[in-house]
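Student: My questions will all concern the structure given below.
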Amino acid sequence: MKKIVLTLLLAIAFTSLKGQTVPSAYHNELAGSYGIMTTNQVFNVLKDIASVFFTFGNYNKDNTDYTGGWFLAYKYAPSDNILLSFTGGIDGAKGDLVENDIKYGEFKTTYTSAIIGFDYRYLNKDLVQLYSGIGAGVTLCKNSGTQSGSGDTDVSWDDPYLNFQLNLLGVRVGKALAGFAEFGFGYKGMINAGVSYQF
């Protein structure tokens, strides 16, 4: 009985993977997603470590809370397997400013990114799509700091810097409206997941 059930499950899975390819009419895609462990977070941690090192431990950030990255993307498919994309995203961190183990204020850092990308779908079926991709663009960083007991806020902008995304594996499950997850490294994070609509 177990062999029969297993055979039926495998047959269903194989049949679904052999479904129709995505209709060529689906040339556009809108996607919203959330990512964690972004390059902006990594850069922030490295910058904090450098600050502590060069001030001999007198300056530090504490209780840092990373918001994760929120992204909106538009993709255009000139063919069934190739997608060109433009993505805008916002990422950030906030926490306490500490000097000699005494809190003297709070900080907030906001990263805004604009990225152009390319995806290649090597499996493009009716319900399942598998793809990999790359992207590159620019990130702007805004720093805000408020001293305790003062209503004044200092704002500064870092120089724009190049950012990137390497998606090792993307999985999209669904038809026109679907959920997806991407695994890689870059401005969208090591894990990025969301919802997309193709039309």
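Numbering starts fresh at 1 for the residues of each chain in the structure tokens, the chains themselves are lettered A, B, ... in the order given, and ligands are numbered from 1 as they appear.
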Could you pull out all residues of region 113-175 of chain A with a DSSP call of strand (DSSP E or B) and give them as an mmCIF file with N, CA, C and O atoms, in the first residue's frame?

Tutor:
```
data_model
loop_
_atom_site.group_PDB
_atom_site.id
_atom_site.type_symbol
_atom_site.label_atom_id
_atom_site.label_comp_id
_atom_site.auth_asym_id
_atom_site.auth_seq_id
_atom_site.Cartn_x
_atom_site.Cartn_y
_atom_site.Cartn_z
ATOM 1 N N SER A 113 18.083 51.969 -1.856
ATOM 2 C CA SER A 113 18.808 51.373 -2.980
ATOM 3 C C SER A 113 17.964 51.369 -4.248
ATOM 4 O O SER A 113 16.739 51.232 -4.197
ATOM 5 N N ALA A 114 18.635 51.506 -5.390
ATOM 6 C CA ALA A 114 18.026 51.372 -6.711
ATOM 7 C C ALA A 114 18.919 50.442 -7.525
ATOM 8 O O ALA A 114 20.103 50.722 -7.717
ATOM 9 N N ILE A 115 18.355 49.340 -7.990
ATOM 10 C CA ILE A 115 19.144 48.271 -8.598
ATOM 11 C C ILE A 115 18.525 47.824 -9.923
ATOM 12 O O ILE A 115 17.308 47.666 -10.028
ATOM 13 N N ILE A 116 19.360 47.590 -10.913
ATOM 14 C CA ILE A 116 18.951 46.991 -12.187
ATOM 15 C C ILE A 116 19.436 45.548 -12.184
ATOM 16 O O ILE A 116 20.581 45.269 -11.804
ATOM 17 N N GLY A 117 18.570 44.612 -12.611
ATOM 18 C CA GLY A 117 18.934 43.210 -12.516
ATOM 19 C C GLY A 117 18.570 42.387 -13.736
ATOM 20 O O GLY A 117 17.865 42.845 -14.647
ATOM 21 N N PHE A 118 19.055 41.157 -13.725
ATOM 22 C CA PHE A 118 18.827 40.189 -14.800
ATOM 23 C C PHE A 118 18.596 38.827 -14.167
ATOM 24 O O PHE A 118 19.389 38.379 -13.337
ATOM 25 N N ASP A 119 17.489 38.162 -14.519
ATOM 26 C CA ASP A 119 17.191 36.810 -14.047
ATOM 27 C C ASP A 119 17.102 35.860 -15.236
ATOM 28 O O ASP A 119 16.623 36.246 -16.315
ATOM 29 N N TYR A 120 17.535 34.626 -15.010
ATOM 30 C CA TYR A 120 17.364 33.580 -16.016
ATOM 31 C C TYR A 120 16.564 32.438 -15.407
ATOM 32 O O TYR A 120 16.964 31.863 -14.399
ATOM 33 N N ARG A 121 15.398 32.131 -16.021
ATOM 34 C CA ARG A 121 14.550 31.041 -15.529
ATOM 35 C C ARG A 121 14.935 29.754 -16.261
ATOM 36 O O ARG A 121 14.731 29.637 -17.464
ATOM 37 N N TYR A 122 15.497 28.800 -15.518
ATOM 38 C CA TYR A 122 15.863 27.544 -16.150
ATOM 39 C C TYR A 122 14.790 26.482 -15.979
ATOM 40 O O TYR A 122 14.888 25.402 -16.575
ATOM 41 N N LEU A 123 13.791 26.754 -15.168
ATOM 42 C CA LEU A 123 12.573 25.933 -15.133
ATOM 43 C C LEU A 123 11.406 26.906 -15.149
ATOM 44 O O LEU A 123 11.289 27.765 -14.281
ATOM 45 N N ASN A 124 10.548 26.769 -16.157
ATOM 46 C CA ASN A 124 9.477 27.748 -16.354
ATOM 47 C C ASN A 124 8.183 27.014 -16.662
ATOM 48 O O ASN A 124 7.773 26.904 -17.808
ATOM 49 N N LYS A 125 7.577 26.486 -15.621
ATOM 50 C CA LYS A 125 6.367 25.700 -15.778
ATOM 51 C C LYS A 125 5.150 26.479 -15.290
ATOM 52 O O LYS A 125 5.250 27.600 -14.808
ATOM 53 N N VAL A 128 5.448 26.162 -11.224
ATOM 54 C CA VAL A 128 6.757 26.286 -10.585
ATOM 55 C C VAL A 128 7.762 26.934 -11.538
ATOM 56 O O VAL A 128 7.859 26.543 -12.698
ATOM 57 N N GLN A 129 8.477 27.918 -11.019
ATOM 58 C CA GLN A 129 9.564 28.539 -11.758
ATOM 59 C C GLN A 129 10.811 28.538 -10.880
ATOM 60 O O GLN A 129 10.743 28.872 -9.701
ATOM 61 N N LEU A 130 11.941 28.154 -11.464
ATOM 62 C CA LEU A 130 13.232 28.203 -10.791
ATOM 63 C C LEU A 130 14.143 29.123 -11.591
ATOM 64 O O LEU A 130 14.165 29.059 -12.823
ATOM 65 N N TYR A 131 14.886 29.967 -10.893
ATOM 66 C CA TYR A 131 15.715 30.939 -11.595
ATOM 67 C C TYR A 131 16.910 31.355 -10.749
ATOM 68 O O TYR A 131 16.962 31.125 -9.541
ATOM 69 N N SER A 132 17.872 31.976 -11.415
ATOM 70 C CA SER A 132 19.006 32.610 -10.762
ATOM 71 C C SER A 132 19.165 33.994 -11.360
ATOM 72 O O SER A 132 18.636 34.264 -12.444
ATOM 73 N N GLY A 133 19.902 34.876 -10.672
ATOM 74 C CA GLY A 133 20.020 36.225 -11.216
ATOM 75 C C GLY A 133 21.109 37.046 -10.563
ATOM 76 O O GLY A 133 21.687 36.656 -9.541
ATOM 77 N N ILE A 134 21.376 38.182 -11.187
ATOM 78 C CA ILE A 134 22.348 39.138 -10.671
ATOM 79 C C ILE A 134 21.755 40.536 -10.779
ATOM 80 O O ILE A 134 20.839 40.783 -11.580
ATOM 81 N N GLY A 135 22.277 41.458 -9.989
ATOM 82 C CA GLY A 135 21.829 42.843 -10.045
ATOM 83 C C GLY A 135 22.913 43.771 -9.520
ATOM 84 O O GLY A 135 23.765 43.360 -8.728
ATOM 85 N N ALA A 136 22.886 45.008 -9.967
ATOM 86 C CA ALA A 136 23.864 45.994 -9.509
ATOM 87 C C ALA A 136 23.224 47.373 -9.535
ATOM 88 O O ALA A 136 22.346 47.653 -10.364
ATOM 89 N N GLY A 137 23.659 48.237 -8.622
ATOM 90 C CA GLY A 137 23.101 49.583 -8.563
ATOM 91 C C GLY A 137 23.768 50.419 -7.499
ATOM 92 O O GLY A 137 24.920 50.194 -7.140
ATOM 93 N N VAL A 138 23.001 51.366 -6.955
ATOM 94 C CA VAL A 138 23.540 52.361 -6.030
ATOM 95 C C VAL A 138 22.715 52.391 -4.748
ATOM 96 O O VAL A 138 21.493 52.242 -4.779
ATOM 97 N N THR A 139 23.408 52.608 -3.614
ATOM 98 C CA THR A 139 22.753 52.755 -2.319
ATOM 99 C C THR A 139 23.131 54.094 -1.693
ATOM 100 O O THR A 139 24.298 54.486 -1.700
ATOM 101 N N LEU A 140 22.121 54.797 -1.169
ATOM 102 C CA LEU A 140 22.316 56.037 -0.420
ATOM 103 C C LEU A 140 22.096 55.744 1.058
ATOM 104 O O LEU A 140 21.161 55.023 1.418
ATOM 105 N N CYS A 141 22.953 56.321 1.906
ATOM 106 C CA CYS A 141 22.868 56.076 3.344
ATOM 107 C C CYS A 141 22.655 57.388 4.093
ATOM 108 O O CYS A 141 23.439 58.324 3.962
ATOM 109 N N LYS A 142 21.575 57.440 4.888
ATOM 110 C CA LYS A 142 21.261 58.612 5.704
ATOM 111 C C LYS A 142 21.436 58.252 7.171
ATOM 112 O O LYS A 142 20.882 57.264 7.650
ATOM 113 N N ASN A 143 22.226 59.066 7.900
ATOM 114 C CA ASN A 143 22.468 58.843 9.325
ATOM 115 C C ASN A 143 21.812 59.947 10.147
ATOM 116 O O ASN A 143 21.994 61.129 9.865
ATOM 117 N N SER A 144 21.051 59.554 11.161
ATOM 118 C CA SER A 144 20.422 60.513 12.065
ATOM 119 C C SER A 144 20.827 60.188 13.494
ATOM 120 O O SER A 144 20.832 59.026 13.897
ATOM 121 N N GLY A 145 21.177 61.212 14.263
ATOM 122 C CA GLY A 145 21.558 61.014 15.658
ATOM 123 C C GLY A 145 20.916 62.056 16.554
ATOM 124 O O GLY A 145 20.882 63.240 16.216
ATOM 125 N N THR A 146 20.372 61.614 17.686
ATOM 126 C CA THR A 146 19.726 62.508 18.643
ATOM 127 C C THR A 146 20.379 62.355 20.005
ATOM 128 O O THR A 146 20.543 61.236 20.505
ATOM 129 N N GLN A 147 20.755 63.466 20.595
ATOM 130 C CA GLN A 147 21.375 63.430 21.917
ATOM 131 C C GLN A 147 20.291 63.397 22.989
ATOM 132 O O GLN A 147 19.279 64.093 22.900
ATOM 133 N N THR A 153 18.422 67.013 16.287
ATOM 134 C CA THR A 153 18.803 65.817 15.547
ATOM 135 C C THR A 153 19.829 66.180 14.490
ATOM 136 O O THR A 153 19.594 67.078 13.680
ATOM 137 N N ASP A 154 20.954 65.503 14.512
ATOM 138 C CA ASP A 154 21.982 65.695 13.488
ATOM 139 C C ASP A 154 21.750 64.698 12.365
ATOM 140 O O ASP A 154 21.552 63.510 12.609
ATOM 141 N N VAL A 155 21.777 65.198 11.124
ATOM 142 C CA VAL A 155 21.567 64.347 9.951
ATOM 143 C C VAL A 155 22.769 64.476 9.032
ATOM 144 O O VAL A 155 23.249 65.588 8.770
ATOM 145 N N SER A 156 23.267 63.350 8.554
ATOM 146 C CA SER A 156 24.374 63.357 7.602
ATOM 147 C C SER A 156 24.132 62.285 6.546
ATOM 148 O O SER A 156 23.410 61.317 6.781
ATOM 149 N N TRP A 157 24.740 62.484 5.387
ATOM 150 C CA TRP A 157 24.629 61.525 4.290
ATOM 151 C C TRP A 157 26.008 60.976 3.962
ATOM 152 O O TRP A 157 26.963 61.737 3.804
ATOM 153 N N TYR A 161 27.284 54.490 -2.658
ATOM 154 C CA TYR A 161 28.204 53.403 -2.971
ATOM 155 C C TYR A 161 27.501 52.341 -3.812
ATOM 156 O O TYR A 161 26.274 52.218 -3.798
ATOM 157 N N LEU A 162 28.316 51.597 -4.557
ATOM 158 C CA LEU A 162 27.789 50.536 -5.403
ATOM 159 C C LEU A 162 27.315 49.379 -4.540
ATOM 160 O O LEU A 162 27.919 49.057 -3.524
ATOM 161 N N ASN A 163 26.219 48.768 -4.962
ATOM 162 C CA ASN A 163 25.696 47.606 -4.267
ATOM 163 C C ASN A 163 25.336 46.548 -5.300
ATOM 164 O O ASN A 163 25.299 46.834 -6.500
ATOM 165 N N PHE A 164 25.045 45.350 -4.855
ATOM 166 C CA PHE A 164 24.833 44.252 -5.787
ATOM 167 C C PHE A 164 23.888 43.219 -5.185
ATOM 168 O O PHE A 164 23.573 43.254 -3.987
ATOM 169 N N GLN A 165 23.459 42.290 -6.020
ATOM 170 C CA GLN A 165 22.696 41.142 -5.559
ATOM 171 C C GLN A 165 23.068 39.944 -6.418
ATOM 172 O O GLN A 165 23.112 40.041 -7.649
ATOM 173 N N LEU A 166 23.338 38.831 -5.773
ATOM 174 C CA LEU A 166 23.581 37.561 -6.463
ATOM 175 C C LEU A 166 22.572 36.557 -5.935
ATOM 176 O O LEU A 166 22.648 36.153 -4.766
ATOM 177 N N ASN A 167 21.615 36.174 -6.762
ATOM 178 C CA ASN A 167 20.632 35.166 -6.387
ATOM 179 C C ASN A 167 21.098 33.811 -6.900
ATOM 180 O O ASN A 167 21.133 33.578 -8.117
ATOM 181 N N LEU A 168 21.461 32.939 -5.982
ATOM 182 C CA LEU A 168 21.879 31.602 -6.380
ATOM 183 C C LEU A 168 20.677 30.757 -6.787
ATOM 184 O O LEU A 168 20.740 29.997 -7.747
ATOM 185 N N LEU A 169 19.580 30.923 -6.055
ATOM 186 C CA LEU A 169 18.376 30.153 -6.355
ATOM 187 C C LEU A 169 17.136 30.962 -6.018
ATOM 188 O O LEU A 169 17.010 31.482 -4.915
ATOM 189 N N GLY A 170 16.236 31.064 -6.981
ATOM 190 C CA GLY A 170 14.931 31.670 -6.759
ATOM 191 C C GLY A 170 13.856 30.651 -7.072
ATOM 192 O O GLY A 170 13.961 29.909 -8.057
ATOM 193 N N VAL A 171 12.826 30.589 -6.236
ATOM 194 C CA VAL A 171 11.722 29.645 -6.431
ATOM 195 C C VAL A 171 10.424 30.428 -6.400
ATOM 196 O O VAL A 171 10.144 31.139 -5.425
ATOM 197 N N ARG A 172 9.625 30.307 -7.456
ATOM 198 C CA ARG A 172 8.310 30.954 -7.522
ATOM 199 C C ARG A 172 7.264 29.874 -7.705
ATOM 200 O O ARG A 172 7.366 29.051 -8.621
ATOM 201 N N VAL A 173 6.249 29.862 -6.824
ATOM 202 C CA VAL A 173 5.215 28.840 -6.866
ATOM 203 C C VAL A 173 3.848 29.514 -6.979
ATOM 204 O O VAL A 173 3.461 30.299 -6.106
ATOM 205 N N GLY A 174 3.145 29.203 -8.049
ATOM 206 C CA GLY A 174 1.834 29.796 -8.294
ATOM 207 C C GLY A 174 1.682 30.153 -9.762
ATOM 208 O O GLY A 174 2.591 29.928 -10.566
#
```

Student: If you count only C-alpha atoms, which residues fall within 12 Å of region 67-73 of chain A, apart from same-chain ones fewer than 6 positions away, as a short mmCIF file (atom, residue, chain, number, x, y, z; two decimals) with C-alpha atoms, in the first residue's frame?

Tutor:
```
data_model
loop_
_atom_site.label_atom_id
_atom_site.label_comp_id
_atom_site.auth_asym_id
_atom_site.auth_seq_id
_atom_site.Cartn_x
_atom_site.Cartn_y
_atom_site.Cartn_z
CA ASN A 28 5.35 41.88 -16.88
CA GLU A 29 5.76 41.17 -13.20
CA LEU A 30 5.31 43.24 -10.04
CA ALA A 31 6.80 41.97 -6.81
CA GLY A 32 6.99 43.00 -3.17
CA SER A 33 9.36 41.29 -0.75
CA TYR A 34 11.23 41.35 2.55
CA GLY A 35 14.86 40.33 3.04
CA ILE A 36 17.17 39.63 5.98
CA MET A 37 20.97 39.63 6.35
CA THR A 38 21.51 42.28 3.68
CA THR A 39 24.85 43.70 2.59
CA ASN A 40 23.80 46.99 4.19
CA GLN A 41 23.54 45.23 7.55
CA VAL A 42 26.96 43.64 7.01
CA LEU A 83 13.68 38.81 -17.06
CA LEU A 84 15.05 42.33 -16.81
CA SER A 85 14.24 44.13 -13.57
CA PHE A 86 14.32 47.40 -11.69
CA THR A 87 14.14 47.23 -7.89
CA GLY A 88 13.83 49.93 -5.25
CA GLY A 89 14.39 49.12 -1.61
CA ILE A 90 14.77 50.54 1.86
CA ASP A 91 16.75 49.02 4.73
CA GLY A 92 17.87 50.33 8.10
CA ALA A 93 19.06 50.08 11.66
CA LYS A 94 18.43 51.94 14.91
CA GLY A 95 19.71 51.80 18.46
CA LYS A 108 18.93 55.76 13.05
CA THR A 109 20.46 54.69 9.74
CA THR A 110 18.42 54.38 6.54
CA TYR A 111 19.62 52.78 3.31
CA THR A 112 17.81 53.47 0.03
CA SER A 113 18.81 51.37 -2.98
CA ALA A 114 18.03 51.37 -6.71
CA ILE A 115 19.14 48.27 -8.60
CA ILE A 116 18.95 46.99 -12.19
CA GLY A 117 18.93 43.21 -12.52
CA PHE A 118 18.83 40.19 -14.80
CA GLY A 135 21.83 42.84 -10.04
CA GLY A 186 23.49 41.17 -1.61
CA TYR A 187 21.35 44.20 -0.93
CA LYS A 188 18.17 42.04 -0.83
CA GLY A 189 19.67 39.72 1.78
CA MET A 190 20.66 36.10 2.06
CA ILE A 191 16.97 35.20 2.28
CA ASN A 192 14.35 37.27 0.47
CA ALA A 193 10.68 36.28 0.17
CA GLY A 194 7.47 37.86 -1.01
CA VAL A 195 4.56 37.89 -3.44
CA SER A 196 4.55 38.63 -7.17
CA TYR A 197 1.93 39.12 -9.88
CA GLN A 198 2.57 38.39 -13.54
#
```

Student: With distances taken over only C-alpha atoms, which of A:Asp65, A:Ile82, A:Ser148, A:Tyr76 is nearest to Ile102 (chain A)?

Tutor: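 Smallest distance to Ile102 (chain A) is found for A:Ser148.
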